[in-house]
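*Asks:* Provided below: target.tsv, containing TSV, C-alpha atoms.
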```tsv
chain	number	residue	atom	x	y	z
A	1314	MET	CA	-28.22	99.54	-69.66
A	1315	ILE	CA	-26.95	101.36	-72.72
A	1316	TYR	CA	-26.44	105.12	-72.59
A	1317	ARG	CA	-25.75	107.86	-75.09
A	1318	LEU	CA	-22.54	109.49	-73.98
A	1319	GLU	CA	-22.69	113.28	-73.65
A	1320	ASP	CA	-19.09	113.91	-72.60
A	1321	THR	CA	-17.32	112.30	-75.54
A	1322	SER	CA	-13.90	113.24	-74.17
A	1323	LYS	CA	-14.27	110.22	-71.88
A	1324	VAL	CA	-13.78	107.85	-74.83
A	1325	ARG	CA	-10.89	109.74	-76.42
A	1326	ASP	CA	-8.39	107.07	-75.36
A	1327	ILE	CA	-10.72	104.24	-76.44
A	1328	PHE	CA	-10.82	105.56	-80.01
A	1329	ASP	CA	-7.20	106.70	-80.03
A	1330	GLY	CA	-5.60	105.86	-83.38
A	1331	TRP	CA	-8.85	105.49	-85.32
A	1332	GLU	CA	-8.46	107.23	-88.67
A	1333	ASP	CA	-12.14	107.20	-89.57
A	1334	THR	CA	-14.05	110.42	-90.10
A	1335	CYS	CA	-17.29	108.83	-88.89
A	1336	VAL	CA	-15.67	108.21	-85.50
A	1337	TRP	CA	-14.27	111.75	-85.48
A	1338	SER	CA	-17.72	113.21	-86.20
A	1339	CYS	CA	-19.18	111.32	-83.22
A	1340	GLN	CA	-16.41	112.53	-80.92
A	1341	GLN	CA	-16.92	116.10	-82.14
A	1342	LYS	CA	-20.71	115.70	-81.66
A	1343	VAL	CA	-21.33	116.84	-85.21
A	1344	MET	CA	-23.11	113.68	-86.33
A	1345	GLY	CA	-24.00	110.36	-84.81
A	1346	THR	CA	-23.72	109.24	-81.21
A	1347	ILE	CA	-21.48	107.21	-78.92
A	1348	LEU	CA	-23.00	104.37	-76.90
A	1349	VAL	CA	-21.55	103.08	-73.62
A	1350	THR	CA	-22.60	101.05	-70.58
A	1351	ASP	CA	-20.76	103.35	-68.16
A	1352	THR	CA	-20.96	107.11	-68.61
A	1353	GLU	CA	-18.36	107.91	-65.93
A	1354	ALA	CA	-15.47	105.59	-66.77
A	1355	PRO	CA	-16.32	103.71	-69.97
A	1356	LYS	CA	-14.06	100.86	-71.03
A	1357	SER	CA	-15.94	100.12	-74.24
A	1358	ALA	CA	-17.82	102.22	-76.75
A	1359	ILE	CA	-19.68	101.99	-80.04
A	1360	ALA	CA	-19.75	105.04	-82.32
A	1361	VAL	CA	-22.91	105.02	-84.44
A	1362	VAL	CA	-23.39	107.11	-87.58
A	1363	GLY	CA	-26.27	106.17	-89.84
A	1364	CYS	CA	-26.02	102.42	-90.45
A	1365	PHE	CA	-22.34	102.24	-89.40
A	1366	ALA	CA	-21.27	101.17	-85.91
A	1367	PHE	CA	-17.60	101.23	-84.81
A	1368	CYS	CA	-16.76	98.99	-81.84
A	1369	ALA	CA	-13.76	99.85	-79.67
A	1370	GLY	CA	-12.28	99.21	-76.24
A	1371	GLU	CA	-12.91	96.03	-74.29
A	1372	PRO	CA	-15.40	93.73	-76.08
A	1373	ASP	CA	-18.76	94.09	-74.32
A	1374	ARG	CA	-21.65	91.72	-75.00
A	1375	GLU	CA	-24.24	93.92	-73.31
A	1376	LEU	CA	-23.18	96.92	-75.36
A	1377	LEU	CA	-23.19	94.96	-78.60
A	1378	MET	CA	-26.58	93.35	-78.03
A	1379	GLY	CA	-28.03	96.74	-77.09
A	1380	LYS	CA	-27.28	98.34	-80.43
A	1381	PRO	CA	-30.19	100.20	-82.06
A	1382	ALA	CA	-32.59	97.97	-83.97
A	1383	GLY	CA	-32.18	97.33	-87.67
A	1384	PHE	CA	-29.44	96.72	-90.23
A	1385	PHE	CA	-25.91	97.84	-89.33
A	1386	VAL	CA	-22.45	97.63	-90.78
A	1387	MET	CA	-20.45	96.69	-87.67
A	1388	VAL	CA	-16.77	97.64	-87.76
A	1389	PRO	CA	-14.69	95.89	-85.05
A	1390	GLU	CA	-11.46	97.28	-83.63
A	1391	ASN	CA	-9.76	93.88	-83.39
A	1392	GLU	CA	-10.22	90.11	-83.56
A	1393	ALA	CA	-11.66	89.97	-80.04
A	1394	TRP	CA	-14.54	92.21	-81.14
A	1395	SER	CA	-14.82	90.20	-84.34
A	1396	ALA	CA	-15.27	86.95	-82.43
A	1397	LEU	CA	-17.93	88.50	-80.20
A	1398	LEU	CA	-19.78	89.92	-83.20
A	1399	GLU	CA	-19.93	86.52	-84.87
A	1400	GLU	CA	-21.05	84.94	-81.60
A	1401	CYS	CA	-23.81	87.49	-80.98
A	1402	PHE	CA	-24.97	87.65	-84.60
A	1403	PRO	CA	-24.39	84.17	-86.09
A	1404	ASP	CA	-26.21	85.09	-89.32
A	1405	CYS	CA	-24.06	88.11	-90.04
A	1406	LYS	CA	-21.69	88.15	-93.01
A	1407	ARG	CA	-18.04	89.19	-93.01
A	1408	VAL	CA	-17.16	91.52	-95.87
A	1409	THR	CA	-14.33	93.85	-96.89
A	1410	ARG	CA	-15.19	97.52	-96.41
A	1411	TYR	CA	-13.78	99.89	-99.00
A	1412	ALA	CA	-12.72	103.41	-98.10
A	1413	ILE	CA	-10.97	106.39	-99.66
A	1414	ARG	CA	-7.60	107.23	-98.15
A	1415	LYS	CA	-7.80	110.30	-95.94
A	1416	ASP	CA	-4.82	111.99	-97.65
A	1417	THR	CA	-6.18	111.55	-101.16
A	1418	LYS	CA	-6.20	114.45	-103.61
A	1419	PHE	CA	-9.03	114.79	-106.09
A	1420	ASP	CA	-8.30	115.59	-109.69
A	1421	ARG	CA	-10.21	118.82	-110.33
A	1422	ALA	CA	-9.87	118.52	-114.09
A	1423	VAL	CA	-11.46	115.07	-114.05
A	1424	LEU	CA	-14.31	116.30	-111.86
A	1425	GLU	CA	-14.95	119.23	-114.19
A	1426	GLN	CA	-14.91	116.86	-117.14
A	1427	TYR	CA	-17.67	114.78	-115.52
A	1428	ARG	CA	-19.66	117.92	-114.80
A	1429	ASN	CA	-19.36	119.14	-118.38
A	1430	THR	CA	-20.35	115.80	-119.91
A	1431	LEU	CA	-23.59	115.23	-118.02
A	1432	PRO	CA	-26.21	113.68	-120.33
A	1433	ASP	CA	-28.99	115.86	-121.68
A	1434	GLY	CA	-31.70	116.35	-119.12
A	1435	CYS	CA	-29.31	116.02	-116.15
A	1436	GLU	CA	-28.49	118.86	-113.77
A	1437	LEU	CA	-25.91	119.07	-110.96
A	1438	ARG	CA	-27.47	120.85	-107.97
A	1439	LYS	CA	-26.16	121.77	-104.54
A	1440	ILE	CA	-28.31	120.38	-101.72
A	1441	ASP	CA	-30.21	123.38	-100.41
A	1442	GLY	CA	-33.19	123.54	-98.06
A	1443	GLU	CA	-35.62	122.28	-100.71
A	1444	LEU	CA	-33.40	119.37	-101.78
A	1445	TYR	CA	-32.71	118.56	-98.11
A	1446	ASP	CA	-36.42	117.88	-97.62
A	1447	LEU	CA	-36.60	115.76	-100.78
A	1448	CYS	CA	-33.51	113.72	-99.85
A	1449	LEU	CA	-34.77	113.16	-96.31
A	1450	ALA	CA	-38.12	111.86	-97.55
A	1451	ASP	CA	-36.52	109.29	-99.89
A	1452	PRO	CA	-35.02	106.15	-98.23
A	1453	GLU	CA	-32.40	105.96	-101.00
A	1454	THR	CA	-31.01	109.42	-100.28
A	1455	ALA	CA	-32.02	110.01	-96.65
A	1456	SER	CA	-28.52	109.09	-95.42
A	1457	PHE	CA	-27.16	112.14	-97.26
A	1458	VAL	CA	-28.71	114.42	-94.64
A	1459	ALA	CA	-30.27	112.29	-91.89
A	1460	CYS	CA	-27.14	112.11	-89.73
A	1461	PHE	CA	-27.54	115.77	-88.84
A	1462	GLU	CA	-29.88	116.83	-86.05
A	1463	SER	CA	-31.74	119.36	-88.19
A	1464	LYS	CA	-31.94	121.03	-91.57
A	1465	GLU	CA	-30.28	124.11	-90.08
A	1466	GLN	CA	-27.29	122.07	-88.90
A	1467	PHE	CA	-26.86	120.45	-92.32
A	1468	LEU	CA	-27.00	123.81	-94.10
A	1469	GLU	CA	-24.37	125.13	-91.68
A	1470	LEU	CA	-21.98	122.17	-91.48
A	1471	GLY	CA	-22.87	119.94	-94.41
A	1472	ARG	CA	-22.33	120.15	-98.12
A	1473	GLY	CA	-23.66	117.93	-100.84
A	1474	PHE	CA	-24.67	117.68	-104.47
A	1475	VAL	CA	-27.16	115.59	-106.39
A	1476	ILE	CA	-27.68	114.90	-110.06
A	1477	LEU	CA	-31.24	115.53	-111.16
A	1478	ARG	CA	-32.84	114.08	-114.27
A	1479	ASP	CA	-36.28	115.48	-115.00
A	1480	GLY	CA	-36.61	116.34	-111.33
A	1481	HIS	CA	-35.59	112.88	-110.07
A	1482	ARG	CA	-32.37	112.29	-108.09
A	1483	GLU	CA	-30.05	110.01	-110.04
A	1484	GLY	CA	-26.91	110.21	-107.89
A	1485	GLY	CA	-25.15	112.34	-105.35
A	1486	ALA	CA	-22.65	112.73	-102.53
A	1487	ALA	CA	-22.53	114.67	-99.27
A	1488	GLU	CA	-20.17	115.37	-96.42
A	1489	GLY	CA	-20.02	117.27	-93.15
A	1490	PHE	CA	-17.38	119.28	-91.32
A	1491	GLY	CA	-16.24	118.93	-87.73
A	1492	GLU	CA	-14.19	121.38	-85.73
A	1493	SER	CA	-11.50	121.51	-88.41
A	1494	LEU	CA	-11.95	121.73	-92.16
A	1495	LEU	CA	-9.22	119.11	-92.37
A	1496	ARG	CA	-11.47	116.61	-90.61
A	1497	ARG	CA	-14.28	115.92	-93.00
A	1498	ALA	CA	-16.95	113.47	-91.99
A	1499	TYR	CA	-17.83	111.70	-95.22
A	1500	PHE	CA	-21.21	110.12	-94.56
A	1501	ALA	CA	-22.78	109.40	-97.93
A	1502	VAL	CA	-21.32	108.05	-101.16
A	1503	PRO	CA	-22.54	108.43	-104.72
A	1504	PHE	CA	-25.04	105.81	-105.82
A	1505	GLY	CA	-25.08	106.80	-109.48
A	1506	ARG	CA	-21.39	106.30	-110.34
A	1507	ALA	CA	-18.52	104.30	-108.86
A	1508	VAL	CA	-16.55	106.26	-106.30
A	1509	SER	CA	-13.30	105.39	-108.04
A	1510	GLU	CA	-14.49	107.43	-111.04
A	1511	LEU	CA	-15.03	110.63	-109.09
A	1512	GLY	CA	-11.60	112.07	-109.67
A	1513	CYS	CA	-9.46	110.37	-107.03
A	1514	ALA	CA	-6.53	108.25	-108.09
A	1515	GLN	CA	-7.42	104.59	-108.55
A	1516	SER	CA	-4.69	103.60	-106.09
A	1517	ASP	CA	-6.32	105.77	-103.42
A	1518	PHE	CA	-9.43	103.60	-103.38
A	1519	GLY	CA	-8.81	100.25	-101.77
A	1520	THR	CA	-9.36	97.99	-98.80
A	1521	PHE	CA	-8.26	100.56	-96.26
A	1522	GLY	CA	-11.43	100.10	-94.23
A	1523	GLY	CA	-10.59	96.57	-93.09
A	1524	ASP	CA	-13.20	93.96	-92.24
A	1525	ALA	CA	-16.79	94.76	-91.39
A	1526	TRP	CA	-19.74	92.65	-90.33
A	1527	LEU	CA	-23.24	93.07	-91.66
A	1528	SER	CA	-25.72	92.51	-88.86
A	1529	ILE	CA	-28.93	91.38	-90.53
A	1530	GLN	CA	-30.88	90.48	-87.42
A	1531	PRO	CA	-33.20	93.20	-86.09
A	1532	ARG	CA	-32.62	93.78	-82.40
A	1533	VAL	CA	-34.67	95.51	-79.75
A	1534	SER	CA	-32.93	98.74	-78.87
A	1535	GLY	CA	-31.71	99.14	-75.31
A	1536	VAL	CA	-30.59	102.72	-75.80
A	1537	ARG	CA	-31.65	105.27	-73.21
A	1538	GLY	CA	-31.03	108.97	-73.75
```
Step by step, read the file and then write its structure as structure tokens.

*Replies:*
Amino acid sequence: MIYRLEDTSKVRDIFDGWEDTCVWSCQQKVMGTILVTDTEAPKSAIAVVGCFAFCAGEPDRELLMGKPAGFFVMVPENEAWSALLEECFPDCKRVTRYAIRKDTKFDRAVLEQYRNTLPDGCELRKIDGELYDLCLADPETASFVACFESKEQFLELGRGFVILRDGHREGGAAEGFGESLLRRAYFAVPFGRAVSELGCAQSDFGTFGGDAWLSIQPRVSGVRG
């Protein structure tokens, strides 16, 4: 049986060394959840945020096959997990996952230049309560806010912006904060412009995320709360 882990401190050693803000947000219980087969002394765990699932610890077939149903980007800790993923999901596809380096510094002048050169009819808006509802109702932008438990939690811990053209959302980005402002859980990327154009140095955007597997086979969820 698969369980949602309440005491996330029990998987601290399993995810030790992971430099991924999605994993941090699960451990901090800000967004997402951690799945295990043993809530007392887990040896394996999968951190799930949106459509991302991070597999760590001892490879566990039961845990992997019990993932929530639907499409997932599966991120294995090592080759042992990779082999099990390909065995359990033979139709999945190995890809390279791109990520922004965690110590990157954004170029404020470049960002302001983009803001000041928006085409006529476009408006940059902070995601407030009204835009939260609109983003959540649209499958293309739901991931901007859906990882939070409620609107109130997003407005407290999240921050995001969208570009509106005649009332329609053309692009956007959002993030959330954990216990420390230095640990930002970046959970949605712009879909209107390449990330490498958003003011970070080109060299800071590369294949830092490693390999990922796209699981395209729907599975019956074995998760129990």

*Asks:* Compare A:Phe1474, A:Tyr1316, A:Phe1402, A:Phe1419 by their minimum atom-to-atom distance to Thr1454 of chain A, counting all atoms listed in the file, and give me the closest one.

*Replies:*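 Of all the options, A:Phe1474 lies closest to Thr1454 of chain A.
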
*Asks:* My list of candidates is A:Val1324, A:Ala1360, A:Glu1319, A:Arg1438. Which is closest to Cys1339 of chain A when distances are computed with all atoms listed in the file?

*Replies:* A:Ala1360

*Asks:* Pick the closest to Asn1391 of chain A from A:Phe1367, A:Glu1375, A:Gly1484, A:Asp1404: which is it, counting only C-alpha atoms?

*Replies:* A:Phe1367

*Asks:* Between atom CA of Gln1466 of chain A and atom CA of Phe1384 of chain A, what distance in Å does the model show, to one decimal?

*Replies:*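 Distance between the two atoms: 25.5 Å.
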
*Asks:* Using all atoms listed in the file for the distances, tell me which of A:Asp1479, A:Glu1436, A:Asp1373, A:Glu1443 is nearest to Ser1395 of chain A.

*Replies:* A:Asp1373

*Asks:* Smallest atom-to-atom distance to Val1362 of chain A: which of A:Ala1422, A:Leu1477, A:Cys1460, A:Ile1315, using only C-alpha atoms?

*Replies:*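 Closest residue, counting only C-alpha atoms: A:Cys1460.
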
*Asks:* Name the residues in contact with Leu1397 of chain A at a cut-off of 10 Å, using all atoms listed in the file, excluding same-chain residues fewer than 5 positions from it; report them as a list in words.

*Replies:*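 What passes the distance filter is Pro1372, Asp1373, Arg1374, Leu1377, Pro1389, Glu1392, Phe1402 and Pro1403 of chain A.
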
*Asks:* Need the shell around segment 1446-1453 of chain A: protein/DNA/RNA residues with any atom at most 12 Å away, counting only C-alpha atoms. Skip same-chain ones fewer than 2 positions apart. Format as an MDAnalysis selection string?

*Replies:* chainID A and resid 1439:1444 1455:1465 1467:1468 1473:1477 1480:1487 1501:1505

*Asks:* Which of these, A:Leu1431, A:Cys1368, A:Leu1318, A:Ala1396, has the shortest distance to Glu1353 of chain A once you count all atoms listed in the file?

*Replies:*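 Ranking A:Leu1431, A:Cys1368, A:Leu1318, A:Ala1396 by distance to Glu1353 of chain A, first place goes to A:Leu1318.
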
*Asks:* Quick check, in Å to one decimal: how far apart do atom CA of Thr1350 of chain A and atom CA of Asp1326 of chain A lie?

*Replies:*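 About the pair atom CA of Thr1350 of chain A and atom CA of Asp1326 of chain A: they are 16.2 Å apart.
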
*Asks:* One decimal, Å: what's the distance from atom CA of Glu1332 of chain A over to atom CA of Tyr1411 of chain A, could you say?

*Replies:* 13.7 Å

*Asks:* Show me, as JSON, the centre and edge lengths in Å to one decimal of the axis-aligned box that covers every listed atom of segment 1460-1477 of chain A with 5 Å on each side.

*Replies:*
```
{"center_x": -27.0, "center_y": 118.6, "center_z": -98.6, "size_x": 20.0, "size_y": 23.0, "size_z": 35.1}
```

*Asks:* Kindly extract all protein, DNA and RNA residues lying within 8 Å of the coordinates (-15.3, 104.6, -84.3) given in the file, considering all atoms listed in the file, and supply them as an MDAnalysis selection string.

*Replies:* chainID A and resid 1328 1331 1333 1335:1337 1339 1359:1361 1366:1369 1388
